[in-house]
Amino acid sequence: MTAQQVDFIKGSSRMFGIIGDPIAQVRSPEMITWELQKRGVDAILVPMHVPQAEFDAVMPALMQLANFHGFILTIPFKQRGMRWVDRLSLQAQMLGGLNQMVRRSDGGWSGDILDGMGCVAAFQSRGLPIQGQRLMIMGLGGAGGAIACAMAAQRPALMRIHDVNPQRCNHIRSCIARISPDTEVVIGEPVVNDMDVLINATPVGMLSDARLPLAVSSLPGHLVVFDAIVMPEQTPLLELAVQCGCTVVRGREMMLGQIPKLADGFLNPDGVA
């Protein structure tokens, strides 16, 4: 390699993209590109900032690019991306959202949602129990709904869920009931008392947002606090949790948990959905 070239991208490289608005907070480009390079695959994942108002116009053009083989969809496009796929995994169908699109060998597009599996993997890698625990989940959009369903599959004792959209709450409550009939499900404002795990899947606290996603000044020290936001890694919620002696799980850990699965989906598109 000379000073005028690099060895991680060339004209023949396979391209994947992550689409969001905003996009500066994502960590997927470096993490998934590294995973692909580790596997000996000539491919790269690039960030794509698509303004919300332009999404429906931009997507068909991106999907026509011959060397783009798949996308990750992040805030706020996980539901809107549904219209651009013709095949969905069961979980994506149930949740009404996706975070991965892949082009199959027949030219069609498949969609799946993997956020929830990444969250469970993060807890499992830390040895933190979910079964029999009491969970408070804030935010039930694409990522939050997937997290709620994946956590339900681990059989917690109670799940208290909150979202600004009442229809989302009712839908996720019915999904949890199907997955884990013995789990008690409560819809209500965020609380921390009598909870074992606090999960933030809202965008509150992302980038330079200094707000907390719930109205508290302290947290019980026994609480496990997870924030799905990946940037900043130390969100205002996690900063408060550390100050209060809580165990914290960061969004980067969830991302790490789903990186291999996202790479598998990109490299084996006919196996998705």
# chains A, B, ... in the order shown; residues from 1 in each chain; ligands from 1
>>> residues_around(residues="stretch 113-124 of chain A", least_positions_apart="6", cutoff="6 Å", atoms="only C-alpha atoms", output="CSV table (one decimal) with C-alpha atoms, in the first residue's frame")
chain,number,residue,atom,x,y,z
A,92,ALA,CA,-40.9,-7.1,12.5
A,98,LEU,CA,-37.5,-2.8,11.2
A,99,ASN,CA,-33.9,-1.8,11.6
A,143,ALA,CA,-36.1,0.0,19.2
A,146,ALA,CA,-38.2,-4.7,20.1
A,147,ILE,CA,-36.5,-4.4,23.4
A,150,ALA,CA,-37.1,-9.5,23.6
A,253,GLU,CA,-23.2,-2.7,24.7
A,254,MET,CA,-26.6,-3.3,23.0
A,257,GLY,CA,-24.7,-7.5,21.0
A,258,GLN,CA,-26.4,-7.2,17.6
>>> closest_atom_pairs(of="stretch 71-172 of chain A", to="stretch 43-67 of chain A", cutoff="9 Å", atoms="only C-alpha atoms", output="tab-separated table")
residue	atom	partner	partner_atom	distance
A:Phe71	CA	A:Leu45	CA	8.5
A:Pro76	CA	A:Gln52	CA	7.7
A:Phe77	CA	A:Gln52	CA	8.1
A:Arg80	CA	A:Asp56	CA	8.4
A:Gly81	CA	A:Met59	CA	8.8
A:Trp84	CA	A:Met59	CA	7.9
A:Arg103	CA	A:Met63	CA	8.5
>>> write_last_selection(atoms="N, CA and C atoms", output="PDB file, in the first residue's frame")
ATOM      1  N   PHE A  71     -29.338  -1.883   4.225  1.00  0.00           N
ATOM      2  CA  PHE A  71     -29.358  -0.681   5.050  1.00  0.00           C
ATOM      3  C   PHE A  71     -29.747  -1.027   6.481  1.00  0.00           C
ATOM      4  N   PRO A  76     -35.581   8.436  12.651  1.00  0.00           N
ATOM      5  CA  PRO A  76     -36.939   8.049  13.049  1.00  0.00           C
ATOM      6  C   PRO A  76     -37.609   7.153  12.002  1.00  0.00           C
ATOM      7  N   PHE A  77     -36.859   6.279  11.351  1.00  0.00           N
ATOM      8  CA  PHE A  77     -37.332   5.619  10.142  1.00  0.00           C
ATOM      9  C   PHE A  77     -37.687   4.147  10.298  1.00  0.00           C
ATOM     10  N   ARG A  80     -41.283   3.748   9.122  1.00  0.00           N
ATOM     11  CA  ARG A  80     -41.468   4.209   7.745  1.00  0.00           C
ATOM     12  C   ARG A  80     -40.761   3.297   6.741  1.00  0.00           C
ATOM     13  N   GLY A  81     -39.742   2.580   7.180  1.00  0.00           N
ATOM     14  CA  GLY A  81     -39.037   1.682   6.288  1.00  0.00           C
ATOM     15  C   GLY A  81     -39.842   0.462   5.886  1.00  0.00           C
ATOM     16  N   TRP A  84     -40.879  -0.295   2.206  1.00  0.00           N
ATOM     17  CA  TRP A  84     -39.876  -0.553   1.176  1.00  0.00           C
ATOM     18  C   TRP A  84     -39.405  -1.997   1.144  1.00  0.00           C
ATOM     19  N   ARG A 103     -31.048  -6.756   0.430  1.00  0.00           N
ATOM     20  CA  ARG A 103     -31.467  -7.131  -0.914  1.00  0.00           C
ATOM     21  C   ARG A 103     -31.209  -8.611  -1.141  1.00  0.00           C
TER      22      ARG A 103
END
>>> residues_around(residues="A:Arg168", least_positions_apart="4", cutoff="8 Å", atoms="only C-alpha atoms", output="PDB file with C-alpha atoms, in the first residue's frame")
ATOM      1  CA  LEU A 140     -41.930   1.870  22.661  1.00  0.00           C
ATOM      2  CA  GLY A 141     -40.959   2.968  19.158  1.00  0.00           C
ATOM      3  CA  ASP A 163     -44.857   5.850  25.670  1.00  0.00           C
ATOM      4  CA  ILE A 172     -46.854  -3.656  22.940  1.00  0.00           C
TER       5      ILE A 172
END
>>> closest_residue(among="A:Cys175, A:Phe226, A:Phe8, A:Pro190", to="A:Gly40", atoms="only C-alpha atoms")
A:Phe8
>>> select_by_dssp(residues="stretch 10-91 of chain A", states="strand (DSSP E)", output="list in words")
Arg14, Met15, Phe16, Gly17, Ile18, Ile19, Gly20, Ala43, Ile44, Leu45, Val46, Pro47, Met48, His49, Phe68, His69, Gly70, Phe71, Ile72, Leu73, Arg87 and Leu88 of chain A
>>> residues_around(residues="A:Ala24", least_positions_apart="5", cutoff="12 Å", atoms="only C-alpha atoms", output="PDB file with C-alpha atoms, in the first residue's frame")
ATOM      1  CA  ILE A  18     -27.189   3.359   7.951  1.00  0.00           C
ATOM      2  CA  ILE A  19     -29.965   5.902   7.432  1.00  0.00           C
ATOM      3  CA  PRO A  29     -20.299   2.493  10.685  1.00  0.00           C
ATOM      4  CA  VAL A  46     -21.450   4.309   5.631  1.00  0.00           C
ATOM      5  CA  PRO A  47     -23.613   6.874   7.488  1.00  0.00           C
ATOM      6  CA  MET A  48     -26.395   8.502   5.462  1.00  0.00           C
ATOM      7  CA  HIS A  49     -28.135  11.596   6.837  1.00  0.00           C
ATOM      8  CA  VAL A  50     -31.541  11.637   5.131  1.00  0.00           C
ATOM      9  CA  THR A  74     -32.400   4.218  12.830  1.00  0.00           C
ATOM     10  CA  ILE A  75     -34.372   7.126  14.352  1.00  0.00           C
ATOM     11  CA  MET A 206     -29.141  11.931  22.783  1.00  0.00           C
ATOM     12  CA  LEU A 207     -26.210  14.025  21.526  1.00  0.00           C
ATOM     13  CA  SER A 208     -26.285  17.388  23.370  1.00  0.00           C
ATOM     14  CA  ILE A 229     -28.634   5.805  23.226  1.00  0.00           C
ATOM     15  CA  VAL A 230     -25.130   5.197  21.873  1.00  0.00           C
ATOM     16  CA  MET A 231     -23.868   8.796  21.777  1.00  0.00           C
ATOM     17  CA  PRO A 232     -23.040  10.142  24.179  1.00  0.00           C
TER      18      PRO A 232
END
>>> closest_residue(among="A:Asn170, A:Leu237, A:Gly144, A:Asn165", to="A:Thr202", atoms="only C-alpha atoms")
A:Gly144
>>> residues_around(residues="A:Asp209", least_positions_apart="5", cutoff="10 Å", atoms="only C-alpha atoms", output="list in words")
Pro203, Val204, Pro232, Thr235 and Pro236 of chain A
>>> select_by_dssp(residues="stretch 131-204 of chain A", states="alpha helix (DSSP H)", output="ChimeraX atom specification")
/A:142-152,166-179
>>> write_last_selection(atoms="C-alpha atoms", output="PDB file, in the first residue's frame")
ATOM      1  CA  GLY A 142     -38.961   0.723  16.843  1.00  0.00           C
ATOM      2  CA  ALA A 143     -36.104   0.003  19.243  1.00  0.00           C
ATOM      3  CA  GLY A 144     -38.206   0.215  22.405  1.00  0.00           C
ATOM      4  CA  GLY A 145     -40.866  -2.159  21.122  1.00  0.00           C
ATOM      5  CA  ALA A 146     -38.214  -4.668  20.061  1.00  0.00           C
ATOM      6  CA  ILE A 147     -36.502  -4.386  23.446  1.00  0.00           C
ATOM      7  CA  ALA A 148     -39.811  -4.883  25.273  1.00  0.00           C
ATOM      8  CA  CYS A 149     -40.613  -8.029  23.284  1.00  0.00           C
ATOM      9  CA  ALA A 150     -37.121  -9.486  23.626  1.00  0.00           C
ATOM     10  CA  MET A 151     -37.142  -8.833  27.364  1.00  0.00           C
ATOM     11  CA  ALA A 152     -40.602 -10.416  27.628  1.00  0.00           C
ATOM     12  CA  PRO A 166     -51.264   5.298  23.880  1.00  0.00           C
ATOM     13  CA  GLN A 167     -51.808   3.061  20.833  1.00  0.00           C
ATOM     14  CA  ARG A 168     -48.196   1.918  21.004  1.00  0.00           C
ATOM     15  CA  CYS A 169     -48.629   1.058  24.674  1.00  0.00           C
ATOM     16  CA  ASN A 170     -51.689  -1.066  23.984  1.00  0.00           C
ATOM     17  CA  HIS A 171     -50.041  -2.786  21.026  1.00  0.00           C
ATOM     18  CA  ILE A 172     -46.854  -3.656  22.940  1.00  0.00           C
ATOM     19  CA  ARG A 173     -48.902  -4.818  25.925  1.00  0.00           C
ATOM     20  CA  SER A 174     -50.696  -7.309  23.662  1.00  0.00           C
ATOM     21  CA  CYS A 175     -47.359  -8.435  22.167  1.00  0.00           C
ATOM     22  CA  ILE A 176     -45.888  -9.036  25.627  1.00  0.00           C
ATOM     23  CA  ALA A 177     -48.985 -10.991  26.654  1.00  0.00           C
ATOM     24  CA  ARG A 178     -48.530 -13.301  23.649  1.00  0.00           C
ATOM     25  CA  ILE A 179     -44.829 -13.814  24.332  1.00  0.00           C
TER      26      ILE A 179
END
>>> atom_distance(atom1="atom CA of A:Arg14", atom2="atom CA of A:Thr33")
10.8 Å
>>> closest_residue(among="A:Arg134, A:Lys10, A:Arg27, A:His222", to="A:Arg252", atoms="only C-alpha atoms")
A:Arg27
>>> closest_residue(among="A:Asp264, A:Ser89, A:Val249, A:Asn193", to="A:Val41", atoms="only C-alpha atoms")
A:Asp264
>>> atom_distance(atom1="atom CA of A:Gln91", atom2="atom CA of A:Asp112")
7.3 Å
>>> residues_around(residues="A:Ser218", least_positions_apart="2", cutoff="7 Å", atoms="only C-alpha atoms", output="NGL selection string")
:A and (216 or 220 or 240 or 244)
>>> atom_distance(atom1="atom CA of A:Val102", atom2="atom CA of A:Ile23")
19.8 Å
>>> closest_residue(among="A:Val192, A:Ala157, A:Leu198, A:Met138", to="A:Ser180", atoms="only C-alpha atoms")
A:Ala157
>>> closest_residue(among="A:Gly127, A:Gly17, A:Gly132, A:Gly107", to="A:Ile32", atoms="only C-alpha atoms")
A:Gly17
